[in-house]
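Shown next: upload09.csv, containing CSV, C-alpha atoms.
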chain,number,residue,atom,x,y,z
A,1,MET,CA,120.1,97.0,78.5
A,2,SER,CA,118.5,100.3,79.5
A,3,ARG,CA,120.5,103.4,79.5
A,4,ARG,CA,119.8,103.8,83.2
A,5,ARG,CA,121.6,100.5,84.0
A,6,VAL,CA,124.7,101.2,82.1
A,7,PRO,CA,126.3,103.6,84.6
A,8,VAL,CA,125.5,101.1,87.4
A,9,LEU,CA,127.2,98.3,85.5
A,10,VAL,CA,130.3,100.5,84.8
A,11,ALA,CA,130.4,101.5,88.5
A,12,SER,CA,130.2,97.8,89.5
A,13,ILE,CA,133.1,96.8,87.2
A,14,ALA,CA,135.2,99.7,88.4
A,15,ALA,CA,134.6,98.7,92.0
A,16,THR,CA,135.5,95.1,91.3
A,17,VAL,CA,138.7,96.1,89.6
A,18,LEU,CA,139.7,98.3,92.5
A,19,VAL,CA,139.1,95.5,95.0
A,20,ALA,CA,141.0,93.0,92.9
A,21,THR,CA,143.9,95.4,92.5
A,22,ALA,CA,144.0,96.0,96.3
A,23,GLY,CA,144.2,92.3,96.8
A,24,VAL,CA,147.1,91.8,94.5
A,25,ALA,CA,149.0,94.6,96.1
A,26,LEU,CA,148.4,93.1,99.5
A,27,GLY,CA,149.6,89.7,98.4
A,28,ALA,CA,152.7,91.0,96.7
A,29,GLY,CA,153.9,92.7,99.9
A,30,LEU,CA,153.8,89.5,102.0
A,31,THR,CA,157.2,87.8,102.4
A,32,PRO,CA,156.9,85.0,105.0
A,33,THR,CA,159.9,83.9,107.0
A,34,SER,CA,160.5,81.0,109.3
A,35,LYS,CA,162.9,80.1,112.1
A,36,LYS,CA,165.4,77.4,111.4
A,37,ILE,CA,164.5,74.3,113.3
A,38,VAL,CA,166.5,71.1,113.8
A,39,THR,CA,166.1,68.2,116.2
A,40,GLY,CA,168.2,65.1,116.8
A,41,ALA,CA,168.5,62.2,119.2
A,42,ILE,CA,171.9,61.6,120.9
A,43,THR,CA,172.9,58.5,122.8
A,44,PRO,CA,174.1,59.4,126.2
A,45,PRO,CA,177.6,58.4,127.2
A,46,THR,CA,178.2,54.9,128.5
A,47,PHE,CA,181.2,55.7,130.6
A,48,PHE,CA,180.9,58.8,132.9
A,49,VAL,CA,181.2,59.9,136.5
A,50,ASN,CA,178.1,59.1,138.4
A,51,SER,CA,178.9,60.6,141.7
A,52,ALA,CA,181.4,62.2,144.0
A,53,LEU,CA,181.1,62.4,147.7
A,54,THR,CA,183.4,63.5,150.5
A,55,GLY,CA,183.5,61.9,153.9
A,56,ASN,CA,184.6,63.2,157.3
A,57,GLY,CA,187.0,60.7,158.7
A,58,GLY,CA,189.2,63.2,160.5
A,59,GLY,CA,186.8,64.5,163.1
A,60,THR,CA,186.1,68.1,162.0
A,61,ALA,CA,183.5,68.6,159.3
A,62,GLY,CA,184.5,71.2,156.7
A,63,ARG,CA,188.2,70.8,157.4
A,64,VAL,CA,190.4,68.8,155.1
A,65,GLN,CA,192.5,66.5,157.3
A,66,ALA,CA,194.0,63.0,157.6
A,67,ASN,CA,191.5,60.1,157.2
A,68,ASP,CA,189.0,62.2,155.3
A,69,THR,CA,187.8,60.4,152.2
A,70,LEU,CA,186.6,61.2,148.7
A,71,VAL,CA,184.6,58.5,147.0
A,72,ILE,CA,184.2,58.7,143.2
A,73,VAL,CA,181.9,56.4,141.3
A,74,PHE,CA,182.1,55.8,137.6
A,75,ALA,CA,179.2,54.4,135.6
A,76,GLY,CA,180.9,51.6,133.6
A,77,GLN,CA,183.9,49.4,134.1
A,78,ALA,CA,187.1,51.5,134.0
A,79,LEU,CA,190.1,50.0,132.3
A,80,GLN,CA,192.2,50.0,135.4
A,81,SER,CA,195.5,50.4,133.7
A,82,THR,CA,194.4,53.8,132.4
A,83,LEU,CA,194.2,54.9,136.1
A,84,CYS,CA,197.4,53.2,137.3
A,85,SER,CA,199.7,51.4,134.9
A,86,SER,CA,200.2,48.3,137.0
A,87,TRP,CA,196.5,47.7,137.8
A,88,SER,CA,194.7,45.0,135.8
A,89,ASN,CA,191.0,44.3,135.4
A,90,ALA,CA,191.8,40.7,136.2
A,91,SER,CA,191.1,41.8,139.7
A,92,SER,CA,188.0,43.6,140.8
A,93,SER,CA,189.7,45.4,143.6
A,94,GLN,CA,192.9,47.3,144.2
A,95,SER,CA,194.4,49.1,147.0
A,96,LEU,CA,197.6,51.2,147.0
A,97,ALA,CA,199.3,53.5,149.5
A,98,GLY,CA,202.1,56.0,149.1
A,99,PHE,CA,200.2,58.7,147.2
A,100,THR,CA,200.6,62.4,147.8
A,101,PHE,CA,197.4,64.4,147.5
A,102,THR,CA,197.7,68.2,147.3
A,103,LEU,CA,195.2,70.7,148.4
A,104,ASN,CA,196.0,73.6,146.1
A,105,ASP,CA,195.3,77.2,147.2
A,106,ASN,CA,192.9,79.1,145.0
A,107,THR,CA,193.9,77.4,141.8
A,108,GLY,CA,190.4,76.6,140.7
A,109,THR,CA,188.1,78.7,138.5
A,110,GLY,CA,187.0,81.6,140.7
A,111,SER,CA,190.0,81.2,143.0
A,112,THR,CA,188.7,78.1,144.6
A,113,ASP,CA,190.8,75.4,146.3
A,114,THR,CA,191.3,72.1,144.4
A,115,LEU,CA,192.5,68.6,145.4
A,116,THR,CA,194.8,66.7,143.0
A,117,VAL,CA,197.0,63.6,143.1
A,118,THR,CA,200.6,64.9,142.7
A,119,ALA,CA,202.7,61.9,143.5
A,120,ALA,CA,202.1,58.2,143.1
A,121,PRO,CA,204.0,55.1,144.1
A,122,VAL,CA,206.2,53.3,141.6
A,123,ALA,CA,203.3,50.9,140.9
A,124,CYS,CA,201.7,53.7,138.9
A,125,ALA,CA,204.8,54.4,136.8
A,126,SER,CA,203.2,57.3,134.8
A,127,GLY,CA,201.3,58.7,137.8
A,128,PHE,CA,197.7,58.2,138.8
A,129,ARG,CA,195.2,59.7,136.3
A,130,PHE,CA,192.9,61.2,138.8
A,131,GLY,CA,191.9,64.6,137.5
A,132,THR,CA,190.8,67.5,139.7
A,133,PHE,CA,188.4,67.9,142.6
A,134,ASP,CA,187.4,71.5,142.8
A,135,LEU,CA,185.9,72.3,146.2
A,136,LYS,CA,184.3,75.5,144.8
A,137,LEU,CA,185.3,77.4,147.8
A,138,GLY,CA,188.6,79.1,148.5
A,139,THR,CA,188.7,78.9,152.3
A,140,TYR,CA,189.9,75.4,152.9
A,141,VAL,CA,193.5,76.3,152.7
A,142,SER,CA,195.4,79.6,152.5
A,143,GLY,CA,199.0,80.9,152.1
A,144,GLY,CA,200.1,78.0,149.9
A,145,ALA,CA,199.3,74.4,149.2
A,146,ALA,CA,198.7,71.7,151.8
A,147,THR,CA,200.0,68.2,151.1
A,148,PHE,CA,198.8,64.8,152.4
A,149,THR,CA,201.6,62.3,152.1
A,150,ASN,CA,201.1,58.5,152.5
A,151,SER,CA,197.5,58.8,151.2
A,152,SER,CA,195.9,55.8,149.7
A,153,ILE,CA,193.5,54.9,146.8
A,154,ALA,CA,191.3,51.8,146.7
A,155,LEU,CA,189.4,50.6,143.7
A,156,ALA,CA,186.3,48.3,143.7
A,157,GLN,CA,184.7,47.2,140.5
A,158,THR,CA,181.5,45.6,139.3
A,159,ALA,CA,180.3,44.8,135.8
A,160,SER,CA,178.7,48.3,135.6
A,161,SER,CA,180.6,50.5,138.0
A,162,THR,CA,184.0,51.5,139.3
A,163,THR,CA,184.5,53.0,142.7
A,164,LEU,CA,187.6,54.9,143.8
A,165,THR,CA,188.0,55.7,147.4
A,166,LEU,CA,190.7,58.2,148.2
A,167,THR,CA,191.8,58.4,151.9
A,168,LEU,CA,194.0,61.4,152.9
A,169,GLY,CA,197.2,60.8,154.8
A,170,THR,CA,199.5,63.0,156.8
A,171,ALA,CA,199.0,66.7,156.4
A,172,GLY,CA,201.9,68.9,155.6
A,173,GLY,CA,203.0,71.6,153.1
A,174,THR,CA,203.1,75.4,153.4
A,175,GLY,CA,199.4,76.1,153.4
A,176,THR,CA,197.3,76.6,156.5
A,177,LEU,CA,194.2,74.5,156.7
A,178,ALA,CA,191.0,76.0,157.9
A,179,THR,CA,187.4,74.9,158.5
A,180,ALA,CA,185.3,76.0,155.6
A,181,ALA,CA,183.1,79.0,156.4
A,182,SER,CA,180.3,77.9,154.2
A,183,THR,CA,178.9,75.1,152.1
A,184,SER,CA,179.7,74.4,148.4
A,185,ALA,CA,178.8,72.0,145.7
A,186,ALA,CA,182.2,70.6,144.7
A,187,VAL,CA,183.0,69.3,141.2
A,188,TYR,CA,185.0,66.3,140.2
A,189,THR,CA,186.5,66.4,136.7
A,190,PRO,CA,188.3,63.2,135.9
A,191,ASP,CA,191.3,62.9,133.7
A,192,ALA,CA,189.7,62.8,130.3
A,193,THR,CA,191.9,60.1,129.0
A,194,VAL,CA,190.7,57.4,131.5
A,195,THR,CA,188.8,54.8,129.5
A,196,ASP,CA,186.5,51.9,130.1
A,197,THR,CA,187.2,48.4,129.0
A,198,ALA,CA,185.7,49.2,125.5
A,199,SER,CA,188.3,52.0,125.2
A,200,THR,CA,185.7,54.7,125.5
A,201,THR,CA,187.2,57.7,127.2
A,202,VAL,CA,185.4,59.4,130.1
A,203,GLY,CA,186.0,62.7,128.3
A,204,LEU,CA,184.4,65.8,129.7
A,205,ASN,CA,181.8,64.1,131.9
A,206,PHE,CA,182.0,65.3,135.4
A,207,ALA,CA,180.1,65.0,138.8
A,208,THR,CA,178.9,67.4,141.3
A,209,THR,CA,178.6,66.7,145.1
A,210,THR,CA,175.7,67.7,147.2
A,211,THR,CA,176.0,71.2,148.6
A,212,THR,CA,177.7,70.8,152.0
A,213,LYS,CA,180.8,71.6,153.9
A,214,GLN,CA,183.2,69.2,152.1
A,215,PHE,CA,185.2,66.6,154.1
B,216,MET,CA,88.2,100.1,101.2
B,217,PRO,CA,87.5,103.8,101.5
B,218,GLN,CA,89.9,105.9,99.6
B,219,VAL,CA,90.9,107.8,102.8
B,220,VAL,CA,92.0,104.5,104.4
B,221,ARG,CA,93.9,103.5,101.3
B,222,GLY,CA,95.6,106.8,101.4
B,223,LEU,CA,96.6,106.3,105.0
B,224,VAL,CA,98.0,102.8,104.3
B,225,ALA,CA,100.0,104.2,101.4
B,226,VAL,CA,101.4,106.9,103.7
B,227,ILE,CA,102.3,104.4,106.4
B,228,VAL,CA,104.0,102.1,103.9
B,229,LEU,CA,106.0,105.0,102.5
B,230,VAL,CA,107.1,106.1,106.0
B,231,LEU,CA,108.2,102.6,106.8
B,232,MET,CA,110.2,102.3,103.6
B,233,GLY,CA,111.8,105.6,104.3
B,234,THR,CA,112.8,104.3,107.8
B,235,VAL,CA,114.3,101.1,106.4
B,236,ALA,CA,116.3,103.2,104.0
B,237,ALA,CA,117.4,105.4,106.8
B,238,TRP,CA,118.6,102.3,108.8
B,239,ALA,CA,120.4,100.8,105.9
B,240,ALA,CA,122.3,103.9,104.9
B,241,PRO,CA,124.8,104.2,107.8
B,242,ILE,CA,125.9,100.6,107.6
B,243,THR,CA,129.5,100.4,106.5
B,244,GLY,CA,130.8,96.8,106.1
B,245,THR,CA,134.4,96.0,107.0
B,246,SER,CA,136.4,92.9,106.7
B,247,LYS,CA,139.7,91.5,108.0
B,248,LYS,CA,142.6,91.8,105.6
B,249,LEU,CA,143.7,88.5,104.4
B,250,ALA,CA,146.9,87.3,102.9
B,251,SER,CA,148.8,84.1,102.6
B,252,GLY,CA,152.3,82.9,101.6
B,253,THR,CA,154.8,80.1,102.1
B,254,ALA,CA,158.2,79.9,103.6
B,255,VAL,CA,160.7,77.0,103.7
B,256,VAL,CA,161.7,75.9,107.2
B,257,GLY,CA,165.5,75.5,107.2
B,258,THR,CA,168.0,74.1,109.6
B,259,CYS,CA,171.1,75.5,111.1
B,260,GLY,CA,173.0,72.4,110.5
B,261,VAL,CA,173.2,68.6,110.9
B,262,LEU,CA,173.4,67.2,114.4
B,263,SER,CA,174.9,63.8,113.5
B,264,GLY,CA,178.2,64.9,115.0
B,265,ALA,CA,176.8,66.2,118.3
B,266,THR,CA,177.8,64.6,121.5
B,267,VAL,CA,176.5,64.8,125.1
B,268,THR,CA,178.4,64.8,128.4
B,269,LEU,CA,176.7,64.4,131.7
B,270,ASN,CA,176.9,66.1,135.1
B,271,GLY,CA,176.1,63.4,137.6
B,272,ARG,CA,175.2,63.8,141.2
B,273,SER,CA,174.5,60.8,143.5
B,274,SER,CA,173.8,58.7,140.4
B,275,THR,CA,171.3,61.1,139.1
B,276,LEU,CA,171.4,63.4,136.1
B,277,LEU,CA,171.9,67.0,137.2
B,278,GLY,CA,172.6,68.5,133.9
B,279,LEU,CA,174.2,67.9,130.5
B,280,THR,CA,176.3,69.6,127.9
B,281,VAL,CA,175.7,69.2,124.2
B,282,ARG,CA,178.9,69.7,122.2
B,283,ASN,CA,180.2,69.5,118.7
B,284,LEU,CA,177.3,71.4,117.3
B,285,PRO,CA,177.8,73.0,113.9
B,286,SER,CA,179.2,76.5,114.1
B,287,THR,CA,176.2,77.6,112.0
B,288,CYS,CA,174.0,76.8,115.0
B,289,ASN,CA,175.8,79.3,117.3
B,290,ALA,CA,173.2,81.7,118.7
B,291,ALA,CA,170.4,79.2,118.2
B,292,ARG,CA,168.3,78.3,121.2
B,293,LEU,CA,168.6,74.7,122.4
B,294,TRP,CA,166.2,72.5,124.4
B,295,ALA,CA,167.2,69.1,125.6
B,296,THR,CA,165.0,66.2,126.8
B,297,ALA,CA,166.2,63.1,128.6
B,298,SER,CA,164.0,60.1,128.0
B,299,ASN,CA,163.8,56.5,129.0
B,300,ALA,CA,163.5,53.4,126.8
B,301,ALA,CA,159.8,53.8,126.7
B,302,GLY,CA,160.2,57.3,125.3
B,303,ALA,CA,158.9,59.0,128.4
B,304,ASP,CA,160.2,62.5,129.2
B,305,LEU,CA,162.2,62.1,132.4
B,306,ALA,CA,163.7,65.6,132.5
B,307,HIS,CA,164.2,68.5,130.2
B,308,GLY,CA,165.8,71.9,130.1
B,309,GLY,CA,166.3,75.0,128.0
B,310,PRO,CA,166.3,77.1,126.1
B,311,ILE,CA,170.0,77.8,126.2
B,312,THR,CA,171.8,79.8,123.6
B,313,VAL,CA,174.4,77.9,121.7
B,314,ALA,CA,177.9,79.4,121.9
B,315,SER,CA,181.1,78.0,120.4
B,316,GLY,CA,179.2,74.8,119.4
B,317,ALA,CA,178.0,73.9,122.8
B,318,ALA,CA,175.3,74.5,125.3
B,319,THR,CA,175.0,73.4,129.0
B,320,VAL,CA,171.5,72.6,130.2
B,321,THR,CA,170.3,72.2,133.8
B,322,MET,CA,167.6,69.6,133.9
B,323,SER,CA,164.1,70.1,135.3
B,324,ALA,CA,164.3,66.9,137.3
B,325,ASN,CA,167.0,64.5,138.4
B,326,PRO,CA,166.3,61.0,137.1
B,327,THR,CA,168.8,58.2,137.7
B,328,THR,CA,171.4,58.3,135.0
B,329,ALA,CA,170.8,54.6,134.5
B,330,SER,CA,167.2,55.3,133.4
B,331,VAL,CA,168.2,57.8,130.7
B,332,THR,CA,168.6,56.1,127.3
B,333,THR,CA,168.2,59.0,124.9
B,334,ILE,CA,168.9,62.7,124.8
B,335,THR,CA,166.8,64.6,122.3
B,336,VAL,CA,167.8,68.1,121.4
B,337,ALA,CA,165.9,70.7,119.5
B,338,LEU,CA,167.4,73.9,118.1
B,339,VAL,CA,165.5,76.9,116.9
B,340,GLY,CA,167.3,79.7,115.0
B,341,PRO,CA,169.5,81.5,114.7

Can you present the structure in this file as structure tokens?
Amino acid sequence: MSRRRVPVLVASIAATVLVATAGVALGAGLTPTSKKIVTGAITPPTFFVNSALTGNGGGTAGRVQANDTLVIVFAGQALQSTLCSSWSNASSSQSLAGFTFTLNDNTGTGSTDTLTVTAAPVACASGFRFGTFDLKLGTYVSGGAATFTNSSIALAQTASSTTLTLTLGTAGGTGTLATAASTSAAVYTPDATVTDTASTTVGLNFATTTTTKQF
Amino acid sequence: MPQVVRGLVAVIVLVLMGTVAAWAAPITGTSKKLASGTAVVGTCGVLSGATVTLNGRSSTLLGLTVRNLPSTCNAARLWATASNAAGADLAHGGPITVASGAATVTMSANPTTASVTTITVALVGP
């Protein structure tokens, strides 16, 4: 090797070392991280509320009154005795009068009015496990609760569904009924302990009505 | 070839070489910086205990709530997909931030509840 080539070789080696060192330094500073990811498949419930719908049988839309209706449809065959103790699935239909429904003033979340079953005939010895129908609006009743005595509940059942039809009776109570000023999407939350014939509870499943003036 | 011509050719060649050298000199090569590494993708927890409740409207699926998620998944983002028996995406929703082991999702469409056979959830984070 000539003397002239020696400096060139030394310079080349030095450059290579510098580049390699820089690469090592760059790699050492890299600490990758990742988001945690998890997926899973969940079987949807077999017993739940498929729909809730109010009907105007009293003549004035948006005003809760006698002969108005509330139709609840469960997906699945409810164990009838979990609704009313004397009911049996031996029959696919039931009808019972003598209930009292109460339209509660501003007791829902957000001070909305709610409808509940507050008294049941003796046939339902431990009461009727209805749950709560939240009208999602607070202007149906004011100044106290309105009651609807001599109301009725009918049940109709198929292999895959259970339909409850609540019909309001005579209006009373301290509250003043009024026609709703606006529409709302009401929410029916059943009594979580109601089960189907396989003893599956309805749990926290619920249904929402279409947005309208209820009843 | 006359000597004068040879001389001219030599001068031209030298000028051209000089030009090439002048062109080459300003070029400064650059490159992208490269680095690589690996990271393990973890999970926030196991979903085997998770449950779903439905919000039905007129026999269709309006929304759903995923519950009983591990507390270690709180603050993760959750997506949910409702699919039928053939595996088709009928409706989906998210991301929703998981809080107190639950997340409520409004679906992109409203398939009949009877057509939904599987709810698939995916969580990213926290």

* Can you work out which one of A:Asp68, A:Asp191, A:Asp113, A:Asp105 has the shortest atom-to-atom distance to Phe128 of chain A, counting all atoms listed in the file? =>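 Ranking A:Asp68, A:Asp191, A:Asp113, A:Asp105 by distance to Phe128 of chain A, first place goes to A:Asp191.
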
* Pick the closest to chain B from A:Val122, A:Ala180, A:Val49, A:Leu137: which is it, counting all atoms listed in the file? -> A:Val49

With only C-alpha atoms counted and 8 Å as the cut-off, give the residues of chain B in contact with chain A, each with its shortest interatomic distance in Å and the pair that gives it, as a tab-separated table.
residue	atom	partner	partner_atom	distance
B:Ala250	CA	A:Gly27	CA	5.8
B:Ser251	CA	A:Gly27	CA	7.0
B:Gly252	CA	A:Pro32	CA	6.1
B:Thr253	CA	A:Pro32	CA	6.1
B:Ala254	CA	A:Pro32	CA	5.4
B:Val255	CA	A:Ser34	CA	6.9
B:Val256	CA	A:Ser34	CA	5.6
B:Gly257	CA	A:Lys36	CA	4.6
B:Thr258	CA	A:Lys36	CA	4.6
B:Cys259	CA	A:Lys36	CA	6.0
B:Gly260	CA	A:Val38	CA	7.4
B:Val261	CA	A:Val38	CA	7.7
B:Leu262	CA	A:Gly40	CA	6.1
B:Ser263	CA	A:Gly40	CA	7.6
B:Ala265	CA	A:Ile42	CA	7.2
B:Thr266	CA	A:Ile42	CA	6.6
B:Val267	CA	A:Pro44	CA	6.0
B:Thr268	CA	A:Asn205	CA	4.9
B:Leu269	CA	A:Asn205	CA	5.1
B:Asn270	CA	A:Ala207	CA	5.0
B:Gly271	CA	A:Ala207	CA	4.5
B:Arg272	CA	A:Ser51	CA	4.9
B:Ser273	CA	A:Ser51	CA	4.8
B:Ser274	CA	A:Asn50	CA	4.8
B:Thr275	CA	A:Asn50	CA	7.1
B:Thr328	CA	A:Asn50	CA	7.6
B:Val331	CA	A:Pro44	CA	7.6
B:Thr332	CA	A:Pro44	CA	6.5
B:Thr333	CA	A:Thr43	CA	5.2
B:Ile334	CA	A:Ile42	CA	5.0
B:Thr335	CA	A:Ala41	CA	4.3
B:Val336	CA	A:Thr39	CA	5.5
B:Ala337	CA	A:Thr39	CA	4.1
B:Leu338	CA	A:Val38	CA	5.2
B:Val339	CA	A:Ile37	CA	4.6
B:Gly340	CA	A:Lys36	CA	4.7
B:Pro341	CA	A:Lys36	CA	6.7

* In Å, with one decimal, what is the gap from atom CA of Cys124 of chain A to atom CA of Thr100 of chain A? ->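 If I compute the distance from atom CA of Cys124 of chain A to atom CA of Thr100 of chain A, I get 12.5 Å.
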
Give the padded box for segment 62-77 of chain A as AutoDock Vina command-line options: axis-aligned, covering all atoms listed in the file, 4 Å on each side, centre and edge lengths in Å to one decimal.
--center_x 186.6 --center_y 60.3 --center_z 145.6 --size_x 22.8 --size_y 29.8 --size_z 32.0

Quick one: residues within 8 Å of Leu168 of chain A, all atoms listed in the file counted, chain neighbours fewer than 2 positions away excluded, as an mmCIF file with C-alpha atoms, in the coordinates of the input?
data_model
loop_
_atom_site.group_PDB
_atom_site.id
_atom_site.type_symbol
_atom_site.label_atom_id
_atom_site.label_comp_id
_atom_site.auth_asym_id
_atom_site.auth_seq_id
_atom_site.Cartn_x
_atom_site.Cartn_y
_atom_site.Cartn_z
ATOM 1 C CA GLN A 65 192.500 66.500 157.300
ATOM 2 C CA ALA A 66 194.000 63.000 157.600
ATOM 3 C CA ASN A 67 191.500 60.100 157.200
ATOM 4 C CA ASP A 68 189.000 62.200 155.300
ATOM 5 C CA THR A 69 187.800 60.400 152.200
ATOM 6 C CA PHE A 101 197.400 64.400 147.500
ATOM 7 C CA PHE A 148 198.800 64.800 152.400
ATOM 8 C CA THR A 149 201.600 62.300 152.100
ATOM 9 C CA ASN A 150 201.100 58.500 152.500
ATOM 10 C CA SER A 151 197.500 58.800 151.200
ATOM 11 C CA SER A 152 195.900 55.800 149.700
ATOM 12 C CA LEU A 166 190.700 58.200 148.200
ATOM 13 C CA THR A 170 199.500 63.000 156.800
#

Around (187.3, 70.3, 141.8) in the file's frame, which residues reach within 7 Å when counting all atoms listed in the file? Return as a PDB file with C-alpha atoms, in the coordinates of the input?
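Contents of the output file result33.pdb:
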ATOM      1  CA  THR A 114     191.300  72.100 144.400  1.00  0.00           C
ATOM      2  CA  LEU A 115     192.500  68.600 145.400  1.00  0.00           C
ATOM      3  CA  THR A 132     190.800  67.500 139.700  1.00  0.00           C
ATOM      4  CA  PHE A 133     188.400  67.900 142.600  1.00  0.00           C
ATOM      5  CA  ASP A 134     187.400  71.500 142.800  1.00  0.00           C
ATOM      6  CA  LEU A 135     185.900  72.300 146.200  1.00  0.00           C
ATOM      7  CA  LYS A 136     184.300  75.500 144.800  1.00  0.00           C
ATOM      8  CA  ALA A 186     182.200  70.600 144.700  1.00  0.00           C
ATOM      9  CA  VAL A 187     183.000  69.300 141.200  1.00  0.00           C
ATOM     10  CA  TYR A 188     185.000  66.300 140.200  1.00  0.00           C
ATOM     11  CA  THR A 189     186.500  66.400 136.700  1.00  0.00           C
TER      12      THR A 189
END

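Taking atom CA of Asn89 of chain A and atom CA of Asp196 of chain A as endpoints, the distance between them is 10.3 Å.
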